[in-house]
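Here the structure comes first, spelled out in C-alpha cells, and everything after it is commentary.
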Amino acid sequence: MRFFVFFLLLGISLSVFSQQKNAIKFNVAGPLTQTYSLQYERILTKKISFNNTFFYRQKSLIPFGNQVDTLAKRYGVGLTGIKFKYIFMDEAKVGVKGYAPELRFYLGKKKNRPFVALFGQYEDFDMAVPASLSVLYKGLIVDVKTPVNFTFNTLSGGLLIGKQWKWNRMGLDLVVIGPHFGKAKAFYAVAQTELLSKLSEAEKMYLKDKIIERFGLSGQYFALDIAGEKAEIKSVKPVPYLGIRGLGVNLSYSF
C-alpha cells in the first residue's frame with residue numbers, strides 16, 4: 001500500500017508539470033546538519049500544492065554526536081530491539097540521499113498560513129559506526145572496537161506540519177516536525193578485522209552469541225554470519241523503521 005501511495009504522489013507531480021505557479025526552495029538550516037535539500041513546489045489549487053524534496057548528506061560525522069550518543073544509549077532500543085550500549089554514535093559517519101513527495105494542505109485564507117502535509121520518503125543510507133565486540137581468543141575475552149559499515153534503504157510515509165510566509169515572489173517555509181513510519185530494506189552490516197580469521201568454531205559461536213546479546217538482534221529480522229575476517233549481518237525481511245523530519249527553514253522563490 002505504501003508503494004502505491006508513494007508512486008501515486010509522484011505521478012500527480014509529473015501530471016501537473018505543465019501548470020503555472022511554481023516555487024523553488026532551499027533549506028537554509030541545512031548546513032547545521034550538513035544535509036542539503038532542494039524543493040520544487042507546484043500549486044494545484046488555492047489550498048493544495050504538491051511539493052518535491054531532494055536531499056543529500058555526504059558521509060561524515062554527525063552534528064551534536066555526543067548528545068546523540070547519550071540519547072541513543074538511554075532511549076535507543078527501537079522497534080526491532082537494537083541496543084546502543086556498545087555502539088558509539090559520537091564517532092558515527094552517516095551519509096544519506098533521498099526523495100520525498102509531499103501533498104500539502106494550506107489552512108485558512110491568509111497569505112501567511114500554517115499547513116499540514118502527507119508525505120512519502122525514500123532514503124538510501126551509507127554509514128560507518130564503531131562498535132565494541134566481545135571476542136574469546138585462546139581462553140581470553142577481550143573487547144574489540146571496530147568500525148561497522150552499514151548500508152540500507154527505507155520507504156516510509158508520514159505527516160508534516162509547518163507554516164508559510166510570503167512576500168511577493170519571496171517566501172519562507174518553517175517545517176516544525178514530520179514523523180514517518182515504514183520499512184528498511186536491503187540492510188547489510190559488516191565488521192572486518194584480522195582477528196576474526198583466527199577464531200576457532202567454538203570462538204566464532206561465542207562471538208555470535210555475544211553480538212546477538214549486546215546489540216539485541218532479532219532472528220525475526222536479521223541473519224548473522226562469521227567467515228574469514230568478516231562478521232556480516234543481513235536482513236531476512238523488511239525491518240520496521242521510524243524516522244523524524246526535523247526543523248526545516250526553506251527560503252523560496254515563486255515564478
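Chain labels A, B, ... are given in the sequence in which chains occur in the C-alpha cells; within each chain residues are numbered consecutively from 1, and ligands are likewise numbered from 1 in the order shown.
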
Show which residues sit within 8 Å of range 36-45 of chain A, as an mmCIF file with C-alpha atoms, in the first residue's frame. Count only C-alpha atoms, and ignore same-chain residues fewer than 2 positions away.
data_model
loop_
_atom_site.group_PDB
_atom_site.id
_atom_site.type_symbol
_atom_site.label_atom_id
_atom_site.label_comp_id
_atom_site.auth_asym_id
_atom_site.auth_seq_id
_atom_site.Cartn_x
_atom_site.Cartn_y
_atom_site.Cartn_z
ATOM 1 C CA SER A 13 3.672 15.663 -9.592
ATOM 2 C CA VAL A 16 0.680 18.706 -13.392
ATOM 3 C CA PHE A 17 4.106 19.741 -14.652
ATOM 4 C CA GLN A 19 0.713 24.192 -14.950
ATOM 5 C CA GLN A 20 1.723 27.640 -13.745
ATOM 6 C CA LYS A 21 2.550 28.731 -10.157
ATOM 7 C CA ASN A 22 5.861 27.213 -9.163
ATOM 8 C CA ALA A 23 8.350 27.689 -6.338
ATOM 9 C CA ILE A 24 11.941 26.614 -5.840
ATOM 10 C CA LYS A 25 13.101 26.282 -2.237
ATOM 11 C CA PHE A 26 16.377 25.751 -0.394
ATOM 12 C CA ASN A 27 16.721 24.733 3.243
ATOM 13 C CA GLY A 30 20.834 22.502 6.053
ATOM 14 C CA PRO A 31 24.447 23.459 6.908
ATOM 15 C CA GLN A 34 25.224 19.046 6.658
ATOM 16 C CA LYS A 47 -5.175 25.456 -0.673
ATOM 17 C CA ILE A 48 -3.429 22.416 -2.124
ATOM 18 C CA SER A 49 0.053 22.005 -3.579
ATOM 19 C CA PHE A 50 2.472 19.246 -4.446
ATOM 20 C CA ASN A 51 5.973 19.568 -3.052
ATOM 21 C CA ASN A 52 9.065 17.563 -4.066
ATOM 22 C CA THR A 53 12.138 17.404 -1.830
ATOM 23 C CA PHE A 54 15.510 16.054 -2.946
ATOM 24 C CA PHE A 55 18.146 15.788 -0.228
ATOM 25 C CA TYR A 56 21.747 14.700 0.202
ATOM 26 C CA ARG A 57 24.267 14.371 3.014
#

Taking 3 positions as the minimum chain separation for residues in the same chain, which residues sit within 8 Å of Val28 in chain A when counting only C-alpha atoms? Answer as a VMD selection string. chain A and resid 31 248 to 251

Just to be explicit: take each residue in the selection above, keep C-alpha atoms, and write the result as a PDB file, in the first residue's frame.
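As written to disk, part18.pdb reads:
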ATOM      1  CA  PRO A  31      24.447  23.459   6.908  1.00  0.00           C
ATOM      2  CA  GLY A 248      13.452  22.974   8.188  1.00  0.00           C
ATOM      3  CA  VAL A 249      13.782  26.652   7.221  1.00  0.00           C
ATOM      4  CA  ASN A 250      13.129  26.785   3.465  1.00  0.00           C
ATOM      5  CA  LEU A 251      13.709  30.023   1.584  1.00  0.00           C
TER       6      LEU A 251
END

Give me the residues of range 150-214 of chain A that have any atom at most 9 Å from an atom of range 120-129 of chain A; for each, the nearest atom pair and the distance in Å, rounded to one decimal. Use only C-alpha atoms, sort by chain and number, and format it as a Markdown table.
| residue | atom | partner | partner_atom | distance |
| --- | --- | --- | --- | --- |
| A:Phe150 | CA | A:Met127 | CA | 4.9 |
| A:Thr151 | CA | A:Asp126 | CA | 4.7 |
| A:Phe152 | CA | A:Phe125 | CA | 5.4 |
| A:Asn153 | CA | A:Asp124 | CA | 4.3 |
| A:Thr154 | CA | A:Glu123 | CA | 5.2 |
| A:Leu155 | CA | A:Tyr122 | CA | 4.7 |
| A:Ser156 | CA | A:Gln121 | CA | 5.3 |
| A:Gly157 | CA | A:Gly120 | CA | 4.2 |
| A:Gly158 | CA | A:Gly120 | CA | 6.5 |
| A:Leu159 | CA | A:Gly120 | CA | 8.9 |
| A:His180 | CA | A:Gly120 | CA | 8.1 |

Keeping only N, CA and C atoms, write the selected residues as a compact mmCIF listing (two decimals), in the first residue's frame.
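Result went into again-v9.txt, see below:
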# COMPACT_ATOMS: atom_id res chain seq x y z
N PHE A 150 27.42 0.05 7.43
CA PHE A 150 26.01 -0.24 7.19
C PHE A 150 25.58 0.33 5.86
N THR A 151 24.77 -0.40 5.14
CA THR A 151 24.02 0.16 4.01
C THR A 151 22.59 -0.38 4.09
N PHE A 152 21.63 0.47 3.81
CA PHE A 152 20.23 0.06 3.74
C PHE A 152 19.42 1.19 3.13
N ASN A 153 18.22 0.88 2.66
CA ASN A 153 17.33 1.92 2.16
C ASN A 153 15.97 1.78 2.82
N THR A 154 15.24 2.87 2.85
CA THR A 154 13.95 2.89 3.54
C THR A 154 12.87 3.48 2.64
N LEU A 155 11.64 3.05 2.88
CA LEU A 155 10.47 3.63 2.24
C LEU A 155 9.45 3.83 3.34
N SER A 156 9.01 5.08 3.52
CA SER A 156 8.14 5.38 4.64
C SER A 156 7.15 6.48 4.26
N GLY A 157 6.21 6.74 5.15
CA GLY A 157 5.24 7.81 4.95
C GLY A 157 4.87 8.42 6.28
N GLY A 158 4.42 9.68 6.25
CA GLY A 158 4.10 10.33 7.50
C GLY A 158 3.36 11.63 7.32
N LEU A 159 3.33 12.40 8.39
CA LEU A 159 2.60 13.67 8.46
C LEU A 159 3.56 14.78 8.82
N HIS A 180 7.66 9.86 10.47
CA HIS A 180 7.28 8.97 9.38
C HIS A 180 7.66 7.53 9.74

Nearest to Asn149 in chain A, chosen from A:Val190, A:Leu103, A:Ile211, A:Leu172, with only C-alpha atoms counted in the distances: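 Between A:Val190, A:Leu103, A:Ile211, A:Leu172, the residue approaching Asn149 in chain A most closely is A:Val190.
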
Just the number, please: distance in Å from CA of Gly108 in chain A to CA of Gly162 in chain A, one decimal. 13.3 Å

Find the residues around Met205 in chain A up to 10 Å (only C-alpha atoms counted), leave out those fewer than 6 positions away in its own chain, and share them as an MDAnalysis selection string. chainID A and resid 136 199 211 225:226

Find the residues near Asp143 in chain A: any atom within 12 Å, counting only C-alpha atoms, skip ones fewer than 4 places away on the same chain, and give them as a ChimeraX atom specification. /A:86,131-137,195,207,210-211,214

Shell around Ile244 in chain A at 9 Å using only C-alpha atoms, local window under 5 positions removed, as a PyMOL selection string: chain A and resi 177-181

Next, write the just-selected residues to a file, as a compact mmCIF listing (two decimals), in the first residue's frame, keeping N, CA and C atoms as the atom set.
# COMPACT_ATOMS: atom_id res chain seq x y z
N ILE A 177 7.96 19.65 12.40
CA ILE A 177 8.30 18.25 12.64
C ILE A 177 7.54 17.36 11.66
N GLY A 178 8.10 16.20 11.38
CA GLY A 178 7.45 15.28 10.44
C GLY A 178 7.79 13.83 10.74
N PRO A 179 7.08 13.19 11.68
CA PRO A 179 7.33 11.77 11.94
C PRO A 179 6.89 10.91 10.77
N HIS A 180 7.66 9.86 10.47
CA HIS A 180 7.28 8.97 9.38
C HIS A 180 7.66 7.53 9.74
N PHE A 181 6.83 6.60 9.29
CA PHE A 181 6.98 5.20 9.64
C PHE A 181 6.94 4.35 8.37
